[in-house]
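A.B. asks: Can you keep this structure in mind? I'll have questions shortly.
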Amino acid sequence: MSENAETTSSHNNSTSNNHADSSASQTSNLDKMIRKIEMQKSQLEMEVRFNKNMALFKSVAPSIYEQYVNYQPEELRLSYDKDGYINLVNYKLDNKPVYASDPKEFTRKQIENYEKRPSLTNISFTKTKEAEDDHFHVHLINNLLDDYKTLSVSKEYHLNTPIGLLLVTGCGLGYHIEELVRKYDVHNLCIFDPHKDSFYASLHTVDWQPIIKNFYRKGRMFKLYIGMSTFAAMADLKLLTDKIGLHNLVYTFVFRHFSSKKEEEFIEKYKKEFHVQASGVGFFEDEQISMAHTVSHLNNRVKLLTPRPSERAGVPVFILGNGPSLDKAVAVREWIESGSTAEFRQGVKILALSTVSPEVTNLFEEAGVAKKPNDLGELIIDKEVTNARVPALPLCNPTVTNTGLAFAIAMGFTEIYLFGVDLGMAETEQHHSSYSVYSDLEKKVEAKDISHLADKKRLYDIKGNHSEFVKTNAHLDQSRINMELLLANFPFINCYNPNNGVYIEGTKTIELKDISLPSPIANKPALINALLDTHFTVPETNPITEAYFIERHLANFKTIKGELSLPKKVKDITQLHSLLNNIYLKVKNLKNTHPATTMLLRGSISSYFTLLINNCLFCKNKDEFQQAYQLGRNAYMEFIDKAYKYLKDEPLRLDNTQDNTFS
């Protein structure tokens with residue numbers, strides 16, 4: 001009995017297990033079917049989303065569409081991970097997932113952490129040497145900087161404010177971009193991702209239409225740096241100051257989605273060169289001087305650079321840079337007269353930018369000038385010269401060595417040697433060559449506190465040409481950056497750098513002893529004259545009188561004044577930011593129709609607006625905000641009044657700044 005009972009019991013258990021196994025198998029199969037259907041549905045949704053996004057980019061950004069219409073991933077592709085989430089996997093690394101967990105949850109936590117401690121960069125401001133009493137812009141800005149120091153406001157950074165520029169590195173699946181744009185008041189968005197595969201994946205996972213739509217509004221901008229090198233992306237980023245105004249860049253919010261080597265490199269380069277955004281915006285008196293000097297050169301029929309790229313100079317050219325930047329000193333005449341004699345200058349031809357004072361060109365037997373880009377003088381030449389196409393001289397600032405390099409390339413030289421173009425120094429080195437005439441002026445320069453490298457507090461380390469590091473400052477570093485950008489456009493040029501200063505990408509590092517030069521030029525004066533005849537043209541213009549100039553170039557400037565005012569009171573930072581954007585864009589957008597208005601006002605307006613945002617954006621309370629606003633508004637409105645009075649009285653007054661360094 002017991003055995004039969006046990007046998008029966010054993011048989012019943014087996015039957016039960018078979019039923020359980022069958023049921024589990026059916027459930028498992030059902031789950032698999034459901035999962036398969038879900039995956040098919042998800043796959044279909046992604047295909048539909050991709051097609052929708054591609055149609056969008058075909059309409060608004062054809063270059064993106066062309067890149068991805070037949071694109072095949074090179075490294076990263078979409079896949080379902082072991083937990084069933086759509087992920088990016090690296091199929092060159094055994095399908096290693098890019099996201100360690102659910103990408104949406106990863107993104108949520110990342111943004112949550114960013115909200116607690118937002119990462120951003122901030123441009124700092126220092127006072128500028130006041131060279132001339134009539135240059136009221138610099139005086140007003142210096143006073144405003146002093147006034148803002150007295151506020152002693154402690155800033156607490158947060159995201160609940162107008163975000164002038166958000167810089168995102170890493171596109172990934174795009175969930176973070178979608179969320180950041182949805183949650184915050186982002187006015188300008190730049191996305192850098194060196195991996196084209198990531199953006200391709202995001203075209204399947206997020207709807208780009210609301211993102212794009214958010215930036216298709218006045219005062220908004222959206223840029224994609226996808227698959228670009230750090231160098232190319234940075235070159236474009238440096239143009240943003242003019243496009244959106246420095247006030248939108250003074251605080252740049254940086255959101256790092258991934259930390260790949262290339263993205264790290266991009267962020268480091270951006271941080272190092274961020275200060276360049278604050279330089280070169282110009283100011284009212286600077287543009288007025290350019291305007292007046294350019295008109296004088298045209299009336300005096302000074303030759304203009306009109307290069308012929310097909311003409312190649314078959315000889316080497318030396319660019320010597322042993323002195324402080326002449327472009328930094330408004331009064332260049334005193335520097336030339338103190339560093340050379342009339343006898344020394346006999347037979348010397350001077351090449352300069354159209355902004356240079358006529359008093360300087362008059363010191364030489366023959367002169368040639370070039371259009372300075374993004375400058376009011378450039379626009380006047382475009383309107384007044386009828387007999388020649390006159391291109392601007394690119395990347396010719398901020399030092400005279402930049403001007404020299406730009407001239408050499410424009411005139412067809414392909415073998416270029418930089419001597420004394422250090423742009424920095426080891427801590428123990430002197431500032432100038434002992435053979436340079438500038439070494440005799442060094443003590444006076446330092447005594448006046450205008451030597452570029454005298455202020456040790458503003459120096460920082462940078463890669464050296466023949467050493468690991470040298471010391472430089474923001475001004476000289478910008479000179480390096482602009483040389484690199486210029487040389488990148490001419491890869492066939494051999495530019496040799498034997499100096500012990502900074503490393504300049506695009507040049508060939510060489511030891512002095514290894515330089516091998518051809519035989520001396522047999523008839524150098526004849527060659528120089530031939531180069532000038534080839535690349536310079538006497539401008540054909542009618543005489544430009546003050547009355548003619550006012551009517552032709554300044555009529556709009558006189559009528560727009562009422563639209564530039566800031567109200568006595570503003571509600572909050574959002575209203576202020578909107579007001580500043582509207583005024584800046586109003587002035588900027590006049591460039592094609594009324595360029596003098598844009599160029600005279602844009603730089604100075606940008607300075608005041610930048611200081612306003614810098615000091616108002618993160619105020620803790622309404623009282624602090626109103627106090628910071630009133631200080632900035634008062635200085636800005638005083639500037640507007642003075643600028644209009646100045647141009648009413650003497651619009652074409654030549655600069656009469658006297659440099660007392662050598663007195």
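By order in the structure tokens, chains are A, B, ...; within a chain, residues start at 1; ligands start at 1, following the order shown.
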Which residues are near Phe419 of chain A? Cut-off 9 Å, only C-alpha atoms, ignore same chain within fewer than 2 positions. Put them as number ranges by chain.
C.D. replies: A: 318-322, 417, 421-422, 496-499
A.B. asks: Please run DSSP on the backbone and report, as a list of chain:residue names, all residues within segment 160-205 of chain A that come out as strand (DSSP E).
C.D. replies: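 Going through segment 160-205 of chain A, the strand (DSSP E) residues come out as A:Leu165, A:Leu166, A:Leu167, A:Val168, A:Thr169, A:Asn188, A:Leu189, A:Cys190, A:Ile191, A:Phe192, A:Asp193.
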A.B. asks: Calculate how many Å separate atom CA of Ser357 of chain A from atom CA of Lys371 of chain A, rounding to one decimal.
C.D. replies: 13.8 Å
A.B. asks: Which distance in Å separates atom CA of Glu511 of chain A and atom CA of His475 of chain A, to one decimal?
C.D. replies: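 Atom-to-atom, atom CA of Glu511 of chain A to atom CA of His475 of chain A, that is 26.1 Å.
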A.B. asks: Quick one: everything within 12 Å of Tyr216 of chain A, counting only C-alpha atoms, minus sequence neighbours fewer than 4 positions away in the same chain. Send it as an mmCIF file with N, CA, C and O atoms, in the first residue's frame.
C.D. replies:
data_model
loop_
_atom_site.group_PDB
_atom_site.id
_atom_site.type_symbol
_atom_site.label_atom_id
_atom_site.label_comp_id
_atom_site.auth_asym_id
_atom_site.auth_seq_id
_atom_site.Cartn_x
_atom_site.Cartn_y
_atom_site.Cartn_z
ATOM 1 N N VAL A 60 15.366 73.083 -42.529
ATOM 2 C CA VAL A 60 16.017 74.159 -41.769
ATOM 3 C C VAL A 60 17.538 74.089 -41.794
ATOM 4 O O VAL A 60 18.204 75.099 -41.573
ATOM 5 N N HIS A 187 18.673 80.852 -24.407
ATOM 6 C CA HIS A 187 18.556 81.739 -25.566
ATOM 7 C C HIS A 187 19.461 81.307 -26.708
ATOM 8 O O HIS A 187 19.106 81.486 -27.876
ATOM 9 N N ASN A 188 20.616 80.774 -26.393
ATOM 10 C CA ASN A 188 21.559 80.336 -27.423
ATOM 11 C C ASN A 188 22.150 79.000 -26.989
ATOM 12 O O ASN A 188 22.660 78.879 -25.868
ATOM 13 N N LEU A 189 22.077 78.011 -27.880
ATOM 14 C CA LEU A 189 22.525 76.658 -27.553
ATOM 15 C C LEU A 189 23.541 76.191 -28.585
ATOM 16 O O LEU A 189 23.296 76.271 -29.798
ATOM 17 N N GLN A 209 11.928 68.593 -33.397
ATOM 18 C CA GLN A 209 11.116 69.735 -33.823
ATOM 19 C C GLN A 209 10.875 70.759 -32.714
ATOM 20 O O GLN A 209 11.087 71.960 -32.926
ATOM 21 N N PRO A 210 10.451 70.347 -31.491
ATOM 22 C CA PRO A 210 10.267 71.345 -30.429
ATOM 23 C C PRO A 210 11.567 72.053 -30.052
ATOM 24 O O PRO A 210 11.556 73.224 -29.681
ATOM 25 N N ILE A 211 12.686 71.328 -30.157
ATOM 26 C CA ILE A 211 13.986 71.920 -29.826
ATOM 27 C C ILE A 211 14.323 73.014 -30.840
ATOM 28 O O ILE A 211 14.663 74.147 -30.473
ATOM 29 N N ILE A 212 14.215 72.665 -32.111
ATOM 30 C CA ILE A 212 14.517 73.628 -33.168
ATOM 31 C C ILE A 212 13.551 74.807 -33.111
ATOM 32 O O ILE A 212 13.939 75.977 -33.237
ATOM 33 N N ARG A 220 17.247 84.292 -30.556
ATOM 34 C CA ARG A 220 17.636 82.922 -30.189
ATOM 35 C C ARG A 220 18.546 82.355 -31.283
ATOM 36 O O ARG A 220 18.486 82.754 -32.440
ATOM 37 N N MET A 221 19.365 81.387 -30.887
ATOM 38 C CA MET A 221 20.288 80.784 -31.841
ATOM 39 C C MET A 221 20.589 79.350 -31.426
ATOM 40 O O MET A 221 20.675 79.033 -30.239
ATOM 41 N N PHE A 222 20.763 78.488 -32.418
ATOM 42 C CA PHE A 222 21.056 77.074 -32.186
ATOM 43 C C PHE A 222 22.163 76.651 -33.138
ATOM 44 O O PHE A 222 22.063 76.865 -34.348
ATOM 45 N N LYS A 223 23.233 76.063 -32.594
ATOM 46 C CA LYS A 223 24.358 75.637 -33.424
ATOM 47 C C LYS A 223 24.749 74.204 -33.104
ATOM 48 O O LYS A 223 24.787 73.805 -31.935
#
A.B. asks: Measuring atom to atom with only C-alpha atoms, identify which of A:Pro97, A:Pro391, A:Gly377, A:Pro520 is nearest to His553 of chain A.
C.D. replies: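 Checking each of A:Pro97, A:Pro391, A:Gly377, A:Pro520 against His553 of chain A, counting only C-alpha atoms, the winner is A:Gly377.
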A.B. asks: Of the candidates A:Glu505, A:Asp514, A:Asp193, A:Asp382, which shows the shortest atom-to-atom distance to Leu486 of chain A, using only C-alpha atoms?
C.D. replies: A:Glu505
A.B. asks: Using only C-alpha atoms, which residues sit within 12 Å of Phe549 of chain A once same-chain residues fewer than 3 positions away are excluded, as a ChimeraX atom specification?
C.D. replies: /A:291-292,295-296,380,383-384,542-546,552-555,596,647,650-652
A.B. asks: Restrict the selected residues to all heavy atoms and save them as a compact mmCIF listing (two decimals), in the first residue's frame.
C.D. replies:
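Written output follows (result02.txt):
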# COMPACT_ATOMS: atom_id res chain seq x y z
N MET A 291 37.01 105.72 -38.65
CA MET A 291 36.20 106.42 -39.65
C MET A 291 36.94 107.64 -40.17
O MET A 291 37.09 107.83 -41.39
CB MET A 291 34.87 106.81 -39.00
CG MET A 291 33.92 107.59 -39.85
SD MET A 291 32.35 107.85 -38.95
CE MET A 291 32.83 109.20 -37.83
N ALA A 292 37.43 108.46 -39.27
CA ALA A 292 38.09 109.71 -39.66
C ALA A 292 39.40 109.44 -40.39
O ALA A 292 39.71 110.08 -41.41
CB ALA A 292 38.34 110.57 -38.42
N VAL A 295 38.80 108.04 -43.99
CA VAL A 295 38.39 109.11 -44.90
C VAL A 295 39.60 109.96 -45.30
O VAL A 295 39.77 110.32 -46.47
CB VAL A 295 37.30 109.99 -44.25
CG1 VAL A 295 37.07 111.26 -45.07
CG2 VAL A 295 36.00 109.21 -44.11
N SER A 296 40.48 110.23 -44.34
CA SER A 296 41.68 111.02 -44.64
C SER A 296 42.57 110.28 -45.64
O SER A 296 43.09 110.89 -46.59
CB SER A 296 42.45 111.30 -43.35
OG SER A 296 43.65 112.00 -43.62
N ILE A 380 33.36 101.87 -44.97
CA ILE A 380 33.45 103.14 -45.72
C ILE A 380 34.19 102.91 -47.04
O ILE A 380 33.78 103.42 -48.09
CB ILE A 380 34.15 104.21 -44.86
CG1 ILE A 380 33.24 104.60 -43.69
CG2 ILE A 380 34.51 105.43 -45.71
CD1 ILE A 380 33.92 105.45 -42.65
N LYS A 383 31.98 101.38 -49.63
CA LYS A 383 30.98 102.28 -50.22
C LYS A 383 31.60 103.36 -51.10
O LYS A 383 30.95 103.86 -52.03
CB LYS A 383 30.15 102.95 -49.11
CG LYS A 383 29.06 102.06 -48.55
CD LYS A 383 27.97 102.90 -47.91
CE LYS A 383 26.74 102.07 -47.62
NZ LYS A 383 25.60 102.88 -47.16
N GLU A 384 32.83 103.74 -50.80
CA GLU A 384 33.40 104.91 -51.48
C GLU A 384 34.35 104.57 -52.63
O GLU A 384 34.48 105.36 -53.57
CB GLU A 384 34.13 105.80 -50.47
CG GLU A 384 33.23 106.37 -49.38
CD GLU A 384 32.16 107.30 -49.92
OE1 GLU A 384 32.37 107.89 -51.00
OE2 GLU A 384 31.10 107.42 -49.29
N ASN A 542 35.58 110.28 -55.03
CA ASN A 542 35.35 111.72 -55.04
C ASN A 542 35.77 112.29 -53.69
O ASN A 542 35.82 111.56 -52.69
CB ASN A 542 33.86 112.00 -55.28
CG ASN A 542 33.43 111.57 -56.67
OD1 ASN A 542 34.16 111.76 -57.64
ND2 ASN A 542 32.24 110.99 -56.76
N PRO A 543 36.12 113.58 -53.64
CA PRO A 543 36.47 114.18 -52.35
C PRO A 543 35.35 113.99 -51.33
O PRO A 543 34.17 114.21 -51.64
CB PRO A 543 36.68 115.66 -52.69
CG PRO A 543 37.00 115.67 -54.15
CD PRO A 543 36.22 114.54 -54.75
N ILE A 544 35.73 113.58 -50.14
CA ILE A 544 34.73 113.30 -49.10
C ILE A 544 34.72 114.46 -48.12
O ILE A 544 35.61 114.59 -47.27
CB ILE A 544 35.04 111.98 -48.38
CG1 ILE A 544 35.08 110.82 -49.39
CG2 ILE A 544 33.99 111.69 -47.30
CD1 ILE A 544 35.55 109.50 -48.79
N THR A 545 33.73 115.30 -48.24
CA THR A 545 33.61 116.43 -47.31
C THR A 545 32.80 115.99 -46.09
O THR A 545 32.12 114.96 -46.10
CB THR A 545 32.90 117.61 -47.98
OG1 THR A 545 31.55 117.21 -48.29
CG2 THR A 545 33.62 118.03 -49.25
N GLU A 546 32.86 116.81 -45.03
CA GLU A 546 32.13 116.48 -43.82
C GLU A 546 30.62 116.46 -44.08
O GLU A 546 29.91 115.56 -43.61
CB GLU A 546 32.47 117.47 -42.71
CG GLU A 546 31.87 117.11 -41.36
CD GLU A 546 32.35 118.01 -40.24
OE1 GLU A 546 33.50 117.81 -39.77
OE2 GLU A 546 31.58 118.91 -39.85
N ARG A 552 25.58 110.94 -46.17
CA ARG A 552 25.68 109.59 -46.75
C ARG A 552 25.81 108.50 -45.70
O ARG A 552 25.30 107.39 -45.89
CB ARG A 552 26.87 109.53 -47.71
CG ARG A 552 27.05 108.17 -48.40
CD ARG A 552 28.00 108.30 -49.57
NE ARG A 552 28.43 107.04 -50.12
CZ ARG A 552 27.71 106.28 -50.96
NH1 ARG A 552 26.51 106.68 -51.33
NH2 ARG A 552 28.19 105.15 -51.44
N HIS A 553 26.47 108.79 -44.58
CA HIS A 553 26.82 107.72 -43.64
C HIS A 553 26.19 107.85 -42.25
O HIS A 553 26.10 106.86 -41.53
CB HIS A 553 28.35 107.64 -43.47
CG HIS A 553 29.07 107.23 -44.72
ND1 HIS A 553 29.14 105.92 -45.13
CD2 HIS A 553 29.73 107.96 -45.65
CE1 HIS A 553 29.84 105.85 -46.26
NE2 HIS A 553 30.21 107.08 -46.59
N LEU A 554 25.78 109.06 -41.85
CA LEU A 554 25.36 109.25 -40.46
C LEU A 554 23.89 109.65 -40.29
O LEU A 554 23.47 109.93 -39.17
CB LEU A 554 26.25 110.31 -39.79
CG LEU A 554 27.74 109.96 -39.68
CD1 LEU A 554 28.49 111.11 -39.02
CD2 LEU A 554 27.95 108.67 -38.91
N ALA A 555 23.13 109.67 -41.37
CA ALA A 555 21.73 110.09 -41.25
C ALA A 555 20.95 109.19 -40.30
O ALA A 555 20.19 109.67 -39.43
CB ALA A 555 21.07 110.09 -42.63
N ALA A 596 27.49 102.50 -40.51
CA ALA A 596 28.13 103.43 -39.57
C ALA A 596 27.43 103.41 -38.22
O ALA A 596 28.07 103.45 -37.17
CB ALA A 596 28.15 104.84 -40.14
N LEU A 647 29.66 113.29 -32.10
CA LEU A 647 29.51 113.20 -33.55
C LEU A 647 28.82 114.42 -34.14
O LEU A 647 29.02 114.76 -35.31
CB LEU A 647 28.75 111.93 -33.93
CG LEU A 647 29.56 110.65 -34.03
CD1 LEU A 647 28.85 109.63 -34.89
CD2 LEU A 647 30.95 110.87 -34.60
N GLU A 650 32.11 117.11 -34.16
CA GLU A 650 33.27 116.85 -35.02
C GLU A 650 33.30 115.38 -35.46
O GLU A 650 34.11 114.59 -34.96
CB GLU A 650 34.57 117.17 -34.28
CG GLU A 650 34.73 118.62 -33.88
CD GLU A 650 36.03 118.85 -33.12
OE1 GLU A 650 36.05 118.63 -31.89
OE2 GLU A 650 37.02 119.22 -33.77
N PRO A 651 32.46 114.99 -36.39
CA PRO A 651 32.40 113.58 -36.77
C PRO A 651 33.68 113.05 -37.40
O PRO A 651 34.00 111.86 -37.25
CB PRO A 651 31.24 113.53 -37.77
CG PRO A 651 31.11 114.92 -38.29
CD PRO A 651 31.49 115.80 -37.15
N LEU A 652 34.45 113.90 -38.10
CA LEU A 652 35.65 113.43 -38.80
C LEU A 652 36.93 113.98 -38.17
O LEU A 652 37.95 114.12 -38.84
CB LEU A 652 35.58 113.81 -40.28
CG LEU A 652 34.50 113.08 -41.09
CD1 LEU A 652 34.50 113.55 -42.53
CD2 LEU A 652 34.69 111.57 -41.03
A.B. asks: List as a PyMOL selection string the protein and nucleic acid residues near Asn362 of chain A, meaning an atom at most 12 Å away when only C-alpha atoms are counted, but skip any in the same chain fewer than 4 places from it.
C.D. replies: chain A and resi 296-297+300+302+333+336-337+342+345+348-350+356-358+366-368
A.B. asks: For Ile481 of chain A, list every protein, DNA or RNA residue within 9 Å, evaluated using only C-alpha atoms, and leave out those in the same chain fewer than 4 positions away; present the list as a list in words.
C.D. replies: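 The residues that qualify are Glu273, Val276, Leu476, Asp477, Leu485, Leu486, Ile504 and Glu505 of chain A.
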A.B. asks: Report, in Å with one decimal, the straight-line distance from atom CA of Asn122 of chain A to atom CA of Leu165 of chain A.
C.D. replies: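 Taking atom CA of Asn122 of chain A and atom CA of Leu165 of chain A, their separation equals 11.4 Å.
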A.B. asks: Would you please extract all helix (DSSP H, G or I) residues from segment 183-346 of chain A, as assigned by DSSP on the backbone, and give them as a PyMOL selection string?
C.D. replies: chain A and resi 183+196-205+209-215+230-237+240-244+246-248+261-278+284-299+332-339+342-345
A.B. asks: So, counting only C-alpha atoms, which residue among A:Asp242, A:Asp461, A:Asp572, A:Glu378 is closest to Glu624 of chain A?
C.D. replies: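 Using only C-alpha atoms, Glu624 of chain A sits closest to A:Asp572.
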